[in-house]
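Participant: Take a look at the following structure, please.
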Amino acid sequence: MDGLPRLVGWLARDGDVNFDILGPFGIRDAEGSEIRIPAGRERSLLVLLLINRGEVVSTDRIVEALWGDQPPETAAKAVQGYVSHLRRILEPGRDAGGSDGLLLTRAPGYVLRVDAHAVDAIRFQQLASGGSRALEEGAIAEAATALEEALGLWRGHALADFAFDDFAQGEIHRLEDLRLGALEDQAHALLQLGRNTEVVAGLDELVAENPMRERLRASLMLALYRTGRQADALQVYRDGRRVLAGELGLEPGPELQRLEQSILAQDPDLDGVNRPSVAPRRRVSSHTEAHVPPDSVAVIDPQRSRIVGHVPVGRRPVAIAIGHGSVWVANADDGTVSRIDPDRHEVIRTIGIGAPAIDLAVSTDAVWVANGSAGTVSRIDPSADTVVETIDLRGTSDLVWNPTYAVDADDESVWIATGPHHVLRVDPTTNEPSAIIDVGHVPVGVALGQEVLWVATTAGRALRIEPHTNTATAEVAIGDPVALTAGRQAVWVSDTRGQVWRINPDTGTVTQTTPVGGGLVGMCATDGVVLAANNADGTVVQIDPQDGRVVGLISLGHAPTDVAFLDGTVWVSIQSESAI
């Protein structure tokens with residue numbers, strides 16, 4: 001429904017191998033000595049498994065990543081050889097057949113088990129998240145220290161030696177976006193501490209490289225103004241306006257416009273310790289004792305911005321949907337769907353799927369589940385709470401097997417985002433495919449709007465698909481999408497740079513963007529509010545659908561993955577904060 005959930009995770013273990021990906025890929029032993037891995041496909045295999053740490057990566061997926069569309073007949077055998085060699089290098093003293101190693105064989109492929117502290121990217125995320133929280137709580141010096149330490153772990157661009165490998169692109173973009181978010185927080189902390197000259201030195205080139213990041217631009221403008229460079233501050237604004245108008249046909253956001261007017265008026269408030277009010281990441285007050293534990297669903301009263309309860313569910317819930325008088329939750333790690341009674345706030349059924357359930361859609365007589373790497377879609381009969389059909393996409397002759405990324409459904413069709421660049425349409429009366437639509441690139445999400453289907457792809461496009469002809473009737477340029485949802489009046493897309501895009505479904509044009517901050521995942525839209533789950537900072541963002549303003553942030557204490565609205569109540573699936 002809302003799009004591709006963030007499924008990267010890990011299983012904790014005691015280990016002595018450290019992995020560095022915030023720069024060129026490197027491996028070190030407990031003493032800090034480099035562990036050398038041969039260049040080529042063996043090294044690529046290890047990176048692929050590290051990116052998907054804690055998850056089974058199928059042999060088919062490995063072969064496709066290493067050889068592309070034309071692998072040799074011996075590819076699977078070669079993968080076995082690579083794995084054996086990697087085991088000898090990484091754990092020379094460990095029994096190859098043991099069950100507690102780093103690199104394990106798990107059908108239908110392999111899994112790399114890595115403790116959180118052993119990966120520099122995870123340490124960075126934890127430090128950056130702590131710095132962000134300290135910033136919001138007013139501990140400015142503490143925030144600056146944590147963010148400096150976090151950013152100090154970077155040695156260049158993430159996975160710099162895999163910059164042109166398709167399988168690494170998602171992780172590279174995700175980490176680079178988190179780095180930009182940390183740099184934005186650091187700039188604000190330094191502004192609060194009066195270290196304006198440092199902000200100018202740090203952001204001048206960064207803003208030029210990332211012209212769409214309005215929060216960075218605001219910090220640079222304020223720092224320039226405070227160092228006596230009013231004209232330069234205004235030029236930074238004009239440069240940003242020119243880029244937005246030229247590439248997207250948009251004006252800067254209202255907060256950035258207000259900052260420009262304040263600089264023109266030489267507003268005395270700008271001279272003080274004052275955070276630029278672009279994409280505010282404040283948290284609407286909620287008591288810390290009400291924070292929600294992981295592997296549960298939070299219940300929120302949006303009028304009071306308060307958590308009013310939570311319901312424990314399965315391991316790593318990643319998607320949520322409403323229907324048949326219930327709240328339905330997909331739990332990726334234990335392959336189940338939880339059915340919640342919204343009045344009693346308790347799970348009334350747990351339905352085994354037997355695959356990593358990653359997305360849900362509800363129709364009149366079914367609940368549809370996209371099963372990720374299993375390459376299948378399950379149909380649940382809500383009257384019996386059982387799986388009555390599993391559609392196996394791996395066996396079709398017209399579609400190369402790939403994971404099922406997302407699903408949406410109505411009474412006439414089930415729409416499935418799958419690979420390598422297709423949306424599959426299934427007839428629910430027969431459970432058979434009725435159309436395969438080539439969308440050009442990997443689809444990361446599908447959403448049914450008013451008599452049309454919207455598809456977001458990795459090409460930075462939102463496509464409007466006409467169901468009567470199964471063809472695209474509009475293609476909208478957006479950022480690198482993460483999730484999308486279709487409301488009555490608009491289609492909303494979040495991207496990896498922390499922007500939320502509002503699309504007019506009739507004209508197929510972008511009508512506004514809202515900078516919110518990196519980490520957005522699942523979304524939903526109602527007539528009165530757009531809700532977005534921010535996996536990075538543990539909040540649900542409330543956006544006014546009319547003017548795009550952020551009108552509230554609800555702190556959850558752990559990492560939300562998806563959000564849904566039912567009868568005035570917000571339901572949010574929550575996973576561990578360390579599983580961003």
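Letters A, B, ... mark the chains of the structure tokens in the order given; residue numbers begin at 1 per chain; ligand numbers begin at 1, in order shown.
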Identify, on the basis of only C-alpha atoms, every residue whose closest approach to Ala231 (chain A) does not exceed 12 Å; exclude the query and any residue fewer than 2 positions from it along the same chain; express the result as a PyMOL selection string.
Facilitator: chain A and resi 221-222+224-229+233-238+260+263-264+266
Participant: Counting only C-alpha atoms, which of A:Leu553, A:Ile543, A:Val337, A:Ala462 gets nearest to Gly354 (chain A)?
Facilitator: A:Val337
Participant: Counting only C-alpha atoms, which residues of region 265-366 of chain A sit at most 12 Å from some atom of region 45-58 of chain A, and what is each one's closest atom pair with its distance in Å to one decimal, listed by chain and rising residue number, as a tab-separated table?
Facilitator:
```
residue	atom	partner	partner_atom	distance
A:Ala332	CA	A:Glu55	CA	10.4
A:Asp333	CA	A:Glu55	CA	8.9
A:Asp334	CA	A:Glu55	CA	11.9
A:Ala355	CA	A:Val56	CA	11.4
A:Pro356	CA	A:Glu55	CA	9.9
```
Participant: Keeping only N, CA and C atoms, write those residues as a compact mmCIF listing (two decimals), in the first residue's frame.
Facilitator:
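Final output, again-v8.txt:
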```txt
# COMPACT_ATOMS: atom_id res chain seq x y z
N ALA A 332 7.29 -8.81 9.67
CA ALA A 332 8.24 -9.34 8.68
C ALA A 332 9.07 -10.50 9.22
N ASP A 333 9.56 -10.39 10.46
CA ASP A 333 10.53 -11.37 10.93
C ASP A 333 9.92 -12.71 11.29
N ASP A 334 8.68 -12.75 11.76
CA ASP A 334 8.09 -14.06 12.06
C ASP A 334 7.04 -14.49 11.05
N ALA A 355 6.16 -16.59 5.30
CA ALA A 355 7.05 -15.79 4.46
C ALA A 355 7.16 -14.41 5.10
N PRO A 356 8.18 -13.62 4.73
CA PRO A 356 8.37 -12.30 5.36
C PRO A 356 7.35 -11.28 4.90
```
Participant: Please report, as a list in words, each residue of region 415-459 of chain A to which DSSP assigns strand (DSSP E) when run on this structure's backbone.
Facilitator: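 Put together, the selection reads Trp415, Ile416, Ala417, Thr418, His422, Val423, Leu424, Arg425, Val426, Asp427, Glu432, Pro433, Ser434, Ala435, Ile436, Ile437, Asp438, Pro443, Val444, Gly445, Val446, Ala447, Leu448, Leu453, Trp454, Val455, Ala456 and Thr457 of chain A.
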Participant: Find the spatial neighbours of Leu127 (chain A), counting only C-alpha atoms, within a cut-off of 7 Å - ignore same-chain residues fewer than 3 positions away - and output them as a PyMOL selection string.
Facilitator: chain A and resi 123-124+130-131+146-147+150
Participant: Can you pull out the residues contacting Tyr82 (chain A)? Cut-off 9 Å, using only C-alpha atoms, and skip same-chain residues under 2 positions away; I want them as a list in words.
Facilitator: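 Using only C-alpha atoms, the neighbours found are Arg41, Glu42, Arg43, Leu45, Lys77, Ala78, Val79, Gln80, Ser84, His85, Leu86 and Arg87 of chain A.
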Participant: Can I get the selection written as a PDB file, in the first residue's frame, with C-alpha atoms?
Facilitator:
```pdb
ATOM      1  CA  ARG A  41      32.412 -10.855  -7.235  1.00  0.00           C
ATOM      2  CA  GLU A  42      33.493 -12.355  -3.918  1.00  0.00           C
ATOM      3  CA  ARG A  43      33.867  -8.898  -2.409  1.00  0.00           C
ATOM      4  CA  LEU A  45      28.829 -10.827  -2.444  1.00  0.00           C
ATOM      5  CA  LYS A  77      28.149 -23.248  -7.808  1.00  0.00           C
ATOM      6  CA  ALA A  78      30.470 -20.241  -7.926  1.00  0.00           C
ATOM      7  CA  VAL A  79      28.425 -18.558  -5.173  1.00  0.00           C
ATOM      8  CA  GLN A  80      28.917 -21.628  -2.974  1.00  0.00           C
ATOM      9  CA  SER A  84      33.181 -21.086   1.579  1.00  0.00           C
ATOM     10  CA  HIS A  85      36.184 -18.873   0.956  1.00  0.00           C
ATOM     11  CA  LEU A  86      34.649 -15.932   2.813  1.00  0.00           C
ATOM     12  CA  ARG A  87      33.986 -18.173   5.821  1.00  0.00           C
TER      13      ARG A  87
END
```
Participant: Quick one, how far is CA of Gly518 (chain A) from CA of Arg174 (chain A)?
Facilitator: 8.7 Å
Participant: Kindly indicate which residue among A:Gln575, A:Ser129, A:Thr471, A:Thr485 lies nearest to Leu448 (chain A), using only C-alpha atoms for the distances.
Facilitator: A:Thr485
Participant: For region 504-510 of chain A, please output as a ChimeraX atom specification all residues within 12 Å (counting only C-alpha atoms; exclusion window: fewer than 3 positions along the same chain).
Facilitator: /A:244,247-251,447-454,461-466,472-479,485-493,500-501,513-514,545-546
Participant: Using only C-alpha atoms, which protein or nucleic acid residues come within 8 Å of region 15-22 of chain A? Drop anything in the same chain fewer than 5 positions from it, and give the result as number ranges by chain.
Facilitator: A: 27-30, 90, 102, 114-115, 118-121, 153-159
Participant: Looking only at helix (DSSP H, G or I) from DSSP on the backbone, list the matching residues of region 177-348 of chain A as a VMD selection string.
Facilitator: chain A and resid 177 to 192 196 to 209 214 to 226 230 to 248 254 to 264 268 to 271 288 to 290
Participant: Would you write out those residues with C-alpha atoms, as a PDB file, in the first residue's frame?
Facilitator:
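Result written to result03.pdb:
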```pdb
ATOM      1  CA  ASP A 177      20.537  10.935   3.267  1.00  0.00           C
ATOM      2  CA  LEU A 178      21.098  10.146   6.955  1.00  0.00           C
ATOM      3  CA  ARG A 179      24.441  11.933   6.768  1.00  0.00           C
ATOM      4  CA  LEU A 180      22.762  15.039   5.369  1.00  0.00           C
ATOM      5  CA  GLY A 181      20.206  14.915   8.177  1.00  0.00           C
ATOM      6  CA  ALA A 182      23.016  14.751  10.734  1.00  0.00           C
ATOM      7  CA  LEU A 183      24.777  17.669   9.052  1.00  0.00           C
ATOM      8  CA  GLU A 184      21.545  19.666   9.256  1.00  0.00           C
ATOM      9  CA  ASP A 185      21.277  18.929  12.974  1.00  0.00           C
ATOM     10  CA  GLN A 186      24.936  19.794  13.507  1.00  0.00           C
ATOM     11  CA  ALA A 187      24.512  23.139  11.740  1.00  0.00           C
ATOM     12  CA  HIS A 188      21.587  23.987  13.979  1.00  0.00           C
ATOM     13  CA  ALA A 189      23.512  23.023  17.108  1.00  0.00           C
ATOM     14  CA  LEU A 190      26.446  25.203  16.077  1.00  0.00           C
ATOM     15  CA  LEU A 191      24.089  28.109  15.378  1.00  0.00           C
ATOM     16  CA  GLN A 192      22.630  27.696  18.852  1.00  0.00           C
ATOM     17  CA  ASN A 196      28.328  30.908  12.995  1.00  0.00           C
ATOM     18  CA  THR A 197      31.643  31.048  11.140  1.00  0.00           C
ATOM     19  CA  GLU A 198      31.978  27.261  11.386  1.00  0.00           C
ATOM     20  CA  VAL A 199      28.521  26.863   9.894  1.00  0.00           C
ATOM     21  CA  VAL A 200      29.409  29.044   6.913  1.00  0.00           C
ATOM     22  CA  ALA A 201      32.618  27.089   6.295  1.00  0.00           C
ATOM     23  CA  GLY A 202      30.837  23.755   6.573  1.00  0.00           C
ATOM     24  CA  LEU A 203      27.725  24.484   4.547  1.00  0.00           C
ATOM     25  CA  ASP A 204      28.823  26.653   1.654  1.00  0.00           C
ATOM     26  CA  GLU A 205      29.830  23.768  -0.598  1.00  0.00           C
ATOM     27  CA  LEU A 206      27.271  21.372   0.903  1.00  0.00           C
ATOM     28  CA  VAL A 207      24.316  23.577  -0.042  1.00  0.00           C
ATOM     29  CA  ALA A 208      25.611  23.851  -3.601  1.00  0.00           C
ATOM     30  CA  GLU A 209      25.764  20.037  -3.812  1.00  0.00           C
ATOM     31  CA  GLU A 214      15.911  23.861   2.410  1.00  0.00           C
ATOM     32  CA  ARG A 215      16.939  23.244   6.014  1.00  0.00           C
ATOM     33  CA  LEU A 216      20.625  23.379   5.043  1.00  0.00           C
ATOM     34  CA  ARG A 217      19.983  26.511   2.983  1.00  0.00           C
ATOM     35  CA  ALA A 218      18.214  28.206   5.907  1.00  0.00           C
ATOM     36  CA  SER A 219      21.120  27.472   8.266  1.00  0.00           C
ATOM     37  CA  LEU A 220      23.619  28.880   5.779  1.00  0.00           C
ATOM     38  CA  MET A 221      21.509  32.016   5.250  1.00  0.00           C
ATOM     39  CA  LEU A 222      21.229  32.630   8.982  1.00  0.00           C
ATOM     40  CA  ALA A 223      24.939  31.999   9.582  1.00  0.00           C
ATOM     41  CA  LEU A 224      25.892  34.399   6.774  1.00  0.00           C
ATOM     42  CA  TYR A 225      23.546  37.063   8.142  1.00  0.00           C
ATOM     43  CA  ARG A 226      24.955  36.732  11.649  1.00  0.00           C
ATOM     44  CA  GLN A 230      23.471  40.029   4.542  1.00  0.00           C
ATOM     45  CA  ALA A 231      23.880  40.313   0.770  1.00  0.00           C
ATOM     46  CA  ASP A 232      25.433  36.841   0.569  1.00  0.00           C
ATOM     47  CA  ALA A 233      22.592  35.414   2.668  1.00  0.00           C
ATOM     48  CA  LEU A 234      20.018  36.850   0.256  1.00  0.00           C
ATOM     49  CA  GLN A 235      22.000  35.514  -2.719  1.00  0.00           C
ATOM     50  CA  VAL A 236      21.857  32.013  -1.220  1.00  0.00           C
ATOM     51  CA  TYR A 237      18.064  32.371  -1.107  1.00  0.00           C
ATOM     52  CA  ARG A 238      17.897  33.574  -4.725  1.00  0.00           C
ATOM     53  CA  ASP A 239      20.120  30.703  -5.875  1.00  0.00           C
ATOM     54  CA  GLY A 240      17.781  28.197  -4.239  1.00  0.00           C
ATOM     55  CA  ARG A 241      14.719  29.857  -5.706  1.00  0.00           C
ATOM     56  CA  ARG A 242      16.219  29.733  -9.174  1.00  0.00           C
ATOM     57  CA  VAL A 243      17.008  26.023  -8.897  1.00  0.00           C
ATOM     58  CA  LEU A 244      13.513  25.153  -7.624  1.00  0.00           C
ATOM     59  CA  ALA A 245      11.826  27.196 -10.334  1.00  0.00           C
ATOM     60  CA  GLY A 246      14.044  25.841 -13.101  1.00  0.00           C
ATOM     61  CA  GLU A 247      13.870  22.144 -12.189  1.00  0.00           C
ATOM     62  CA  LEU A 248      10.468  21.781 -10.525  1.00  0.00           C
ATOM     63  CA  PRO A 254       6.937  29.302   3.244  1.00  0.00           C
ATOM     64  CA  GLU A 255       9.415  29.096   6.140  1.00  0.00           C
ATOM     65  CA  LEU A 256      12.355  29.864   3.870  1.00  0.00           C
ATOM     66  CA  GLN A 257      10.431  32.757   2.360  1.00  0.00           C
ATOM     67  CA  ARG A 258       9.768  34.138   5.830  1.00  0.00           C
ATOM     68  CA  LEU A 259      13.450  33.873   6.678  1.00  0.00           C
ATOM     69  CA  GLU A 260      14.303  35.890   3.561  1.00  0.00           C
ATOM     70  CA  GLN A 261      11.807  38.582   4.588  1.00  0.00           C
ATOM     71  CA  SER A 262      13.262  38.681   8.108  1.00  0.00           C
ATOM     72  CA  ILE A 263      16.755  39.173   6.680  1.00  0.00           C
ATOM     73  CA  LEU A 264      15.520  41.950   4.401  1.00  0.00           C
ATOM     74  CA  PRO A 268      16.443  41.677  15.623  1.00  0.00           C
ATOM     75  CA  ASP A 269      15.260  38.175  16.453  1.00  0.00           C
ATOM     76  CA  LEU A 270      17.699  36.779  13.896  1.00  0.00           C
ATOM     77  CA  ASP A 271      20.651  37.959  15.957  1.00  0.00           C
ATOM     78  CA  THR A 288       8.076   9.767  28.141  1.00  0.00           C
ATOM     79  CA  GLU A 289       6.437   7.041  30.218  1.00  0.00           C
ATOM     80  CA  ALA A 290       3.942   6.615  27.378  1.00  0.00           C
TER      81      ALA A 290
END
```
Participant: Using Å and a single decimal, report how far CA of Gly23 (chain A) sits from CA of Glu91 (chain A).
Facilitator: 23.8 Å
Participant: For a quick check of understanding, using only C-alpha atoms, which of A:Pro342, A:Pro294, A:Pro317, A:Pro433 has the smallest distance to Val570 (chain A)?
Facilitator: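 The answer is A:Pro342, which sits nearest to Val570 (chain A).
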Participant: Return the single residue from A:Asp69, A:Thr526, A:Gly170, A:Trp328 that is closest to Pro481 (chain A), with distances computed using only C-alpha atoms.
Facilitator: A:Gly170
Participant: Of the residues A:Ser494, A:Asp381, A:His421, A:Gln70, which is the one nearest to Ala459 (chain A), using only C-alpha atoms?
Facilitator: A:His421
